[in-house]
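Engineer: The structure that follows is given in the form of structure tokens.
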Amino acid sequence: MGVEAVRKPVLIVDDDEYAREALATFLAAEGYPVLEAADGRVALDRLQQSPVGAILLDIMMPVMNGWEFRAAQLDDPALAEIPVMVITADPGARGRAASLGVGYMPKPIQFDRLLEFIGRHC
Amino acid sequence: MSASVTPEAFRRFADILPEGMLLLSGDGTILAANSRLAERLRLTPDGLAGTALGTLTADGTDAGRLLEDWSGTTRLSPAVITMRAGDELVRFRAEGALVERAPTAAERRFLVRLVPKQQVSDHALAVDEQVRALGAELARRRRVEHALRHREAELREIADAMPQMVWTARGDGTFDFYNRQLRDYSGLASGLALGERVGGWGWEPVVHPDDLAAVLAAWDAGRRTGEPITIEARLRRADGVYRWHLCRAVALRDTEGAIVRWIGTSTDVEDSRHAEEERRGSAQRWQFLAQASIALGSSLEIDQVLRTIARLSVPALADWCSVDMIDADGSVRRVAVTHADPILRDIADMAATYPPDPDARHPRTAVLRTGKSVLFREVPDEGLAQIAADEKHLAALRRLAYGSAIIVAVAARGRILGALTFATTAESGRRYGPDDLAFAEDLAHRAALAIDNARLYEEAQEANRLKDEFLATVSHELRTPLASMMNWVALLKQGKIGPEQVARGLDVLQRSGETQARLIDDILDVSRIVSGSLRLQPQPVEMADVVRDATETVRPAADAKRVRIDVACGAGARVVGDPARLQQVVWNLLANGVKFTPEGGHVAVRLERTPEEVLLVVTDSGEGITPEFLPFVFDRFRQAERVAKRRHAGLGLGLAIVKHLVEAHGGQVEAQSEGRGRGATFVVRLPSAPGSA
């Protein structure tokens, strides 16, 4: 890797602090700028402030859950195109993720798949 | 005259007649003659008896031909015959009629009237005869009148002695006699116009207006055809009450078939009609009860069931019915109103829009409080005035025109759930008695069982739902630390992070592991509580030590949130208990307080003691508890927020465990909160250790 391209930031949306921290630590070590949000509402605020390359989205969150966030995101033309990967422990979420046009990754996270996804968009 | 006409019977009536009479057999033998005739023929009646008619005639009268003529008609057909009276001849106008038919001539009977033809040559005799005849006629009439009067008096006596009402009318229908029962009953002793017909028969006011047309039609038909009349009608008693009567009338006819008299009776059938109605009512009720039972069993939708009951109970049990239920918050709610009359249903509904009854003036309020049924055979107007909230309400209640009313409580397992009100209208005339009350109570009992079942079912459903939710919570709660741990383990394995981050990762692993262990401990505790296998190891415990240890355990989490913990615990508050479990109680309450208190807030714990008990009071400045949730804070699996929206981790088992442990120590725990944002206080009361006072 001779030339270091400028990488776009990744937004991690998860209410669990430790899980967020692990992801952030990992992505930072890989050289990606990271933004964090504890729920969907905070995530929308973050997106208004700075553009991101991809979103890693937890589903079960207070205030605004993952599905509600995705709906709000699709309603905003400026945000609708940002690729999203849903990361959840609920295997039942796969179908719904597909119908909402987002990627799906069951917990625990497979870091190589995650890097492949982030690498494509950021 | 269908019965055999004996010579004796003939003599009895013929002897009072002014004319000559004969009883003749079909073969022409005189069976009997009256005194008048015997006298005229200068013979004795006995002398005449047994003689052939032919031997007495002087003109060759063919008795056989005469009898043949008379046989053909019931009318007296005249002939002229000459008979010997001593040595003179007397001409008679003879009129005979066959009065008894028989196959043989000897058995046939003819009645013959013989009137002397006046002899012009014997004018004086004729005049004398006329005068004597007139005198005899007058005497006869006096006798007849006397006899009739006597007979009439006798008849009236008999009629007055009869239990039913008796009347008679002349052939044209004009009433001429009412017996005492009829006079007493109708109260119209002289008002019932006898022998008068001015614009009616005179008795019309006694007949119920609704029945009058039918009665008049039957009376007209009867008078036209002479057929017996039978009709049931309500007749008005002197006090204005109508009672059902079976009215009958038969016509008496003369020999020519003309109606000469009507005799009528009216028998009171009100009671037997009631018995019949009751039997019908009883059948209707059993049918109703069967339908109600089906309705009660068919749905678990309580309101729907009660509406069905109300609908079915009219008219089987009531003219209108209302159902009031006590809601969870203690307020009374009208669930259903049914009225036989749709307009009055709206009024009943309107009258029910005045339910608040703070002064307990309505008897229903008392029933809802005490569970004791009430029966009002009559609902007096004062009663309505007493329960009415205002004039408008009173007017509505009056429109409803109560007759009788029954209010029964719907109660199951000692809890009063509501009340059923059944009422009749004054118009329908139905009056409730003890049987109706028993029936209504039976119905209320069945309704209560159904409601209780439905509630149990709802509670079971709710418990089931809570369990489902709990399972979702458990999997989420167990997975969350697991996800963190897996993330960090994967990260650590990659080996791309620095030593500080490795240390951080190990720290997270440890904490997440502890969190998970605690969750699993809680689940195991609840499982032990549910199975009854939780065992305490009691010993004397100084509560201040327990509080101190628990506070130390919680402090790192509190510090991380900058939540202050204030402890005010003097020594000497001793109880007998399991120190590890008591510490679990205090820890859970403190952890709960810290969890729900925002950054910068505080949690206070203090001990108080009385000779009897030790009080542990944990107060926080946190989110508080809404009044709706307050009764449920100690319920297993119950959390104020639903899983997907929760801001706070945990299984919702902590307080349930606290409550159980406290109760296992013979104590009590209660939660207080002024509401959302007002903080919460938990008070644990434990019995003091013996001798610690």
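Chain labels run A, B, ... following the order of the structure tokens; each chain numbers its residues from 1, and ligands are numbered from 1 in the order shown.
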As a PyMOL selection string, could you give me every residue of chain A near chain B (at most 10 Å apart, counting only C-alpha atoms)?

Structural biologist: chain A and resi 15-23+25-30+39+59-66+88-90+107-111

Engineer: Kindly save the residues from that selection, with N, CA and C atoms included, as a tab-separated table (two decimals), in the first residue's frame.

Structural biologist:
```tsv
chain	number	residue	atom	x	y	z
A	15	ASP	N	-26.06	0.71	21.44
A	15	ASP	CA	-26.27	1.26	22.79
A	15	ASP	C	-25.29	0.66	23.79
A	16	ASP	N	-24.66	-0.48	23.45
A	16	ASP	CA	-23.73	-1.09	24.40
A	16	ASP	C	-22.34	-0.49	24.22
A	17	GLU	N	-21.92	0.16	25.30
A	17	GLU	CA	-20.68	0.94	25.27
A	17	GLU	C	-19.47	0.06	24.93
A	18	TYR	N	-19.41	-1.13	25.58
A	18	TYR	CA	-18.25	-1.99	25.39
A	18	TYR	C	-18.20	-2.53	23.96
A	19	ALA	N	-19.34	-2.91	23.43
A	19	ALA	CA	-19.38	-3.44	22.07
A	19	ALA	C	-18.93	-2.36	21.09
A	20	ARG	N	-19.43	-1.13	21.31
A	20	ARG	CA	-19.06	0.02	20.46
A	20	ARG	C	-17.55	0.25	20.52
A	21	GLU	N	-17.07	0.17	21.77
A	21	GLU	CA	-15.65	0.45	22.02
A	21	GLU	C	-14.77	-0.56	21.28
A	22	ALA	N	-15.18	-1.86	21.35
A	22	ALA	CA	-14.39	-2.91	20.67
A	22	ALA	C	-14.32	-2.64	19.18
A	23	LEU	N	-15.50	-2.30	18.59
A	23	LEU	CA	-15.55	-2.03	17.15
A	23	LEU	C	-14.69	-0.82	16.80
A	25	THR	N	-12.22	0.46	18.46
A	25	THR	CA	-10.79	0.15	18.63
A	25	THR	C	-10.26	-0.59	17.40
A	26	PHE	N	-11.05	-1.57	16.98
A	26	PHE	CA	-10.65	-2.39	15.84
A	26	PHE	C	-10.51	-1.53	14.57
A	27	LEU	N	-11.56	-0.72	14.30
A	27	LEU	CA	-11.55	0.08	13.06
A	27	LEU	C	-10.47	1.15	13.09
A	28	ALA	N	-10.23	1.71	14.29
A	28	ALA	CA	-9.20	2.72	14.43
A	28	ALA	C	-7.83	2.09	14.13
A	29	ALA	N	-7.64	0.84	14.62
A	29	ALA	CA	-6.38	0.14	14.38
A	29	ALA	C	-6.20	-0.12	12.88
A	30	GLU	N	-7.33	-0.27	12.17
A	30	GLU	CA	-7.29	-0.48	10.72
A	30	GLU	C	-7.15	0.85	9.98
A	39	ASP	N	-27.77	5.62	20.05
A	39	ASP	CA	-29.08	5.22	19.54
A	39	ASP	C	-29.35	5.88	18.19
A	59	ILE	N	-29.63	-3.18	16.37
A	59	ILE	CA	-31.10	-3.06	16.25
A	59	ILE	C	-31.74	-2.68	17.59
A	60	MET	N	-31.48	-3.46	18.63
A	60	MET	CA	-32.15	-3.21	19.91
A	60	MET	C	-31.50	-2.06	20.66
A	61	MET	N	-32.15	-0.89	20.53
A	61	MET	CA	-31.60	0.31	21.18
A	61	MET	C	-32.77	1.12	21.74
A	62	PRO	N	-32.53	1.85	22.81
A	62	PRO	CA	-33.59	2.72	23.32
A	62	PRO	C	-33.78	3.93	22.40
A	63	VAL	N	-34.79	4.71	22.70
A	63	VAL	CA	-35.13	5.97	22.02
A	63	VAL	C	-35.52	5.74	20.56
A	64	MET	N	-34.51	5.34	19.71
A	64	MET	CA	-34.85	5.03	18.33
A	64	MET	C	-34.07	3.78	17.95
A	65	ASN	N	-34.78	2.71	17.64
A	65	ASN	CA	-34.06	1.46	17.36
A	65	ASN	C	-33.53	1.45	15.93
A	66	GLY	N	-32.86	0.36	15.56
A	66	GLY	CA	-32.19	0.26	14.27
A	66	GLY	C	-33.14	0.39	13.09
A	88	THR	N	-26.49	-7.66	14.54
A	88	THR	CA	-27.44	-7.99	15.60
A	88	THR	C	-27.30	-9.44	16.01
A	89	ALA	N	-27.74	-9.72	17.22
A	89	ALA	CA	-27.71	-11.10	17.72
A	89	ALA	C	-28.97	-11.85	17.30
A	90	ASP	N	-29.91	-11.10	16.73
A	90	ASP	CA	-31.19	-11.72	16.39
A	90	ASP	C	-31.14	-12.28	14.97
A	107	LYS	N	-24.11	-11.42	15.31
A	107	LYS	CA	-23.08	-11.32	16.34
A	107	LYS	C	-22.64	-12.73	16.72
A	108	PRO	N	-21.46	-13.04	17.17
A	108	PRO	CA	-20.35	-12.07	17.25
A	108	PRO	C	-19.80	-11.72	15.86
A	109	ILE	N	-19.15	-10.58	15.82
A	109	ILE	CA	-18.71	-10.01	14.56
A	109	ILE	C	-17.58	-10.82	13.92
A	110	GLN	N	-17.71	-11.01	12.60
A	110	GLN	CA	-16.58	-11.57	11.85
A	110	GLN	C	-15.80	-10.38	11.30
A	111	PHE	N	-14.61	-10.18	11.84
A	111	PHE	CA	-13.88	-8.95	11.51
A	111	PHE	C	-13.44	-8.88	10.05
```

Engineer: For Ile302 in chain B, list every protein, DNA or RNA residue within 7 Å, evaluated using only C-alpha atoms, and leave out those in the same chain fewer than 2 positions away; present the list as number ranges by chain.

Structural biologist: B: 300, 304-306, 451, 454

Engineer: What would the file look like if the residues just selected were written as a PDB file, in the first residue's frame with N, CA and C atoms?

Structural biologist:
```pdb
ATOM      1  N   LEU B 300     -64.603 -14.776  26.164  1.00  0.00           N
ATOM      2  CA  LEU B 300     -63.804 -14.322  27.295  1.00  0.00           C
ATOM      3  C   LEU B 300     -63.768 -12.800  27.304  1.00  0.00           C
ATOM      4  N   GLN B 304     -68.575  -7.987  26.402  1.00  0.00           N
ATOM      5  CA  GLN B 304     -69.432  -8.595  25.385  1.00  0.00           C
ATOM      6  C   GLN B 304     -70.407  -9.552  26.058  1.00  0.00           C
ATOM      7  N   VAL B 305     -69.893 -10.342  26.987  1.00  0.00           N
ATOM      8  CA  VAL B 305     -70.721 -11.314  27.697  1.00  0.00           C
ATOM      9  C   VAL B 305     -71.814 -10.594  28.483  1.00  0.00           C
ATOM     10  N   LEU B 306     -71.446  -9.518  29.158  1.00  0.00           N
ATOM     11  CA  LEU B 306     -72.418  -8.808  29.989  1.00  0.00           C
ATOM     12  C   LEU B 306     -73.486  -8.151  29.124  1.00  0.00           C
ATOM     13  N   ILE B 451     -66.888 -14.073  34.621  1.00  0.00           N
ATOM     14  CA  ILE B 451     -65.990 -12.919  34.626  1.00  0.00           C
ATOM     15  C   ILE B 451     -64.672 -13.297  35.296  1.00  0.00           C
ATOM     16  N   ALA B 454     -62.698 -15.242  32.961  1.00  0.00           N
ATOM     17  CA  ALA B 454     -62.122 -14.394  31.925  1.00  0.00           C
ATOM     18  C   ALA B 454     -60.932 -13.623  32.473  1.00  0.00           C
TER      19      ALA B 454
END
```

Engineer: Per DSSP on the backbone, filter range 50-90 of chain A down to the residues in strand (DSSP E) and report them as a PyMOL selection string.

Structural biologist: chain A and resi 54-57+84-88

Engineer: Could those selected residues go to a file with N, CA and C atoms, as a PDB file, in the first residue's frame?

Structural biologist:
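out-v7.pdb was written with the following content:
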```pdb
ATOM      1  N   ALA A  54     -19.876   4.640   5.732  1.00  0.00           N
ATOM      2  CA  ALA A  54     -20.712   3.460   6.006  1.00  0.00           C
ATOM      3  C   ALA A  54     -21.229   3.531   7.440  1.00  0.00           C
ATOM      4  N   ILE A  55     -22.326   2.769   7.674  1.00  0.00           N
ATOM      5  CA  ILE A  55     -22.934   2.765   9.017  1.00  0.00           C
ATOM      6  C   ILE A  55     -23.011   1.323   9.504  1.00  0.00           C
ATOM      7  N   LEU A  56     -22.528   1.072  10.749  1.00  0.00           N
ATOM      8  CA  LEU A  56     -22.707  -0.233  11.395  1.00  0.00           C
ATOM      9  C   LEU A  56     -23.825  -0.063  12.426  1.00  0.00           C
ATOM     10  N   LEU A  57     -24.894  -0.820  12.253  1.00  0.00           N
ATOM     11  CA  LEU A  57     -26.129  -0.514  12.985  1.00  0.00           C
ATOM     12  C   LEU A  57     -26.582  -1.683  13.863  1.00  0.00           C
ATOM     13  N   VAL A  84     -25.391   0.525   4.766  1.00  0.00           N
ATOM     14  CA  VAL A  84     -25.596   0.173   6.171  1.00  0.00           C
ATOM     15  C   VAL A  84     -25.387  -1.327   6.344  1.00  0.00           C
ATOM     16  N   MET A  85     -24.715  -1.701   7.434  1.00  0.00           N
ATOM     17  CA  MET A  85     -24.603  -3.109   7.807  1.00  0.00           C
ATOM     18  C   MET A  85     -25.251  -3.252   9.186  1.00  0.00           C
ATOM     19  N   VAL A  86     -26.295  -4.102   9.235  1.00  0.00           N
ATOM     20  CA  VAL A  86     -26.951  -4.359  10.517  1.00  0.00           C
ATOM     21  C   VAL A  86     -26.161  -5.435  11.254  1.00  0.00           C
ATOM     22  N   ILE A  87     -25.812  -5.137  12.500  1.00  0.00           N
ATOM     23  CA  ILE A  87     -25.100  -6.120  13.312  1.00  0.00           C
ATOM     24  C   ILE A  87     -26.002  -6.443  14.506  1.00  0.00           C
ATOM     25  N   THR A  88     -26.486  -7.655  14.543  1.00  0.00           N
ATOM     26  CA  THR A  88     -27.443  -7.986  15.601  1.00  0.00           C
ATOM     27  C   THR A  88     -27.298  -9.442  16.010  1.00  0.00           C
TER      28      THR A  88
END
```

Engineer: Residues within 8 Å of range 624-637 of chain B, please, as a ChimeraX atom specification. Count only C-alpha atoms; anything in the same chain fewer than 6 positions from it doesn't count.

Structural biologist: /B:466-467,469-470,596,651-653,655-656,659,671-680

Engineer: Would you mind exporting C-alpha atoms of the selected residues as a CSV table (one decimal), in the first residue's frame?

Structural biologist:
```csv
chain,number,residue,atom,x,y,z
B,466,LEU,CA,-44.5,-11.3,30.5
B,467,LYS,CA,-42.6,-14.6,30.3
B,469,GLU,CA,-40.9,-10.7,27.1
B,470,PHE,CA,-38.7,-11.9,29.9
B,596,PHE,CA,-32.2,4.9,37.6
B,651,LEU,CA,-33.6,-8.6,33.7
B,652,GLY,CA,-36.1,-6.9,35.9
B,653,LEU,CA,-35.6,-9.6,38.5
B,655,LEU,CA,-36.8,-6.1,42.9
B,656,ALA,CA,-38.7,-9.4,42.7
B,659,LYS,CA,-39.3,-8.8,47.8
B,671,ALA,CA,-42.0,1.3,47.1
B,672,GLN,CA,-43.0,4.9,47.1
B,673,SER,CA,-42.7,7.5,44.4
B,674,GLU,CA,-44.3,10.9,43.8
B,675,GLY,CA,-44.2,10.0,40.1
B,676,ARG,CA,-42.0,10.4,37.1
B,677,GLY,CA,-38.8,12.4,37.7
B,678,ARG,CA,-39.5,12.6,41.4
B,679,GLY,CA,-37.2,9.9,42.6
B,680,ALA,CA,-38.2,6.7,44.5
```

Engineer: Which residue gives the smallest distance to Leu11 in chain A among A:Ala97, A:Leu74, A:Cys122, A:Ala80, with only C-alpha atoms counted?

Structural biologist: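 Using only C-alpha atoms, the shortest distance to Leu11 in chain A belongs to A:Cys122.
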
Engineer: Contacts of range 548-550 of chain B at 9 Å or less, counting only C-alpha atoms, minus same-chain residues fewer than 6 places along, as a tab-separated table (two decimals) with N, CA and C atoms, in the first residue's frame?

Structural biologist:
```tsv
chain	number	residue	atom	x	y	z
B	567	VAL	N	-24.66	7.38	53.23
B	567	VAL	CA	-25.01	6.30	54.15
B	567	VAL	C	-25.20	6.87	55.54
B	569	CYS	N	-26.01	5.01	58.86
B	569	CYS	CA	-26.35	3.77	59.53
B	569	CYS	C	-25.64	3.66	60.87
B	583	GLN	N	-27.38	-8.96	52.20
B	583	GLN	CA	-26.51	-8.07	51.42
B	583	GLN	C	-27.03	-7.97	49.98
B	584	GLN	N	-27.54	-9.09	49.49
B	584	GLN	CA	-28.13	-9.11	48.14
B	584	GLN	C	-29.31	-8.14	48.06
B	585	VAL	N	-30.09	-8.10	49.15
B	585	VAL	CA	-31.24	-7.18	49.20
B	585	VAL	C	-30.76	-5.73	49.10
B	586	VAL	N	-29.80	-5.39	49.97
B	586	VAL	CA	-29.33	-4.01	50.01
B	586	VAL	C	-28.65	-3.65	48.69
B	587	TRP	N	-27.83	-4.59	48.20
B	587	TRP	CA	-27.10	-4.33	46.96
B	587	TRP	C	-28.07	-4.08	45.80
B	588	ASN	N	-29.10	-4.93	45.72
B	588	ASN	CA	-30.07	-4.79	44.64
B	588	ASN	C	-30.76	-3.44	44.69
B	590	LEU	N	-29.65	-0.68	46.14
B	590	LEU	CA	-28.69	0.38	45.83
B	590	LEU	C	-28.38	0.41	44.32
```

Engineer: If you measure from CA of Gly173 in chain B to CA of Trp262 in chain B, what distance in Å do you get, rounded to one decimal?

Structural biologist: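 About the pair CA of Gly173 in chain B and CA of Trp262 in chain B: they are 7.2 Å apart.
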
Engineer: Considering only C-alpha atoms, return as a list in words whatever protein or nucleic-acid residues lie within 12 Å of Ser50 in chain A, sequence-local ones (same chain, fewer than 4 positions apart) excluded.

Structural biologist: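 So, after excluding close chain neighbours, the residues are Lys8, Pro9, Val10, Leu11, Pro33, Val34, Leu35, Glu36, Ala43, Leu44, Asp45, Arg46, Ala78 and Leu79 of chain A.
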
Engineer: Among the residues of range 423-559 of chain B, find those DSSP assigns to helix (DSSP H, G or I) from the backbone and print them as a PyMOL selection string.

Structural biologist: chain B and resi 434-494+499-531+543-559

Engineer: Could you check which of B:Val546, B:Ala217, B:Leu37, B:Leu400 is closest to Arg581 in chain B, using only C-alpha atoms?

Structural biologist: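 Among the listed residues, the smallest separation from Arg581 in chain B belongs to B:Val546.
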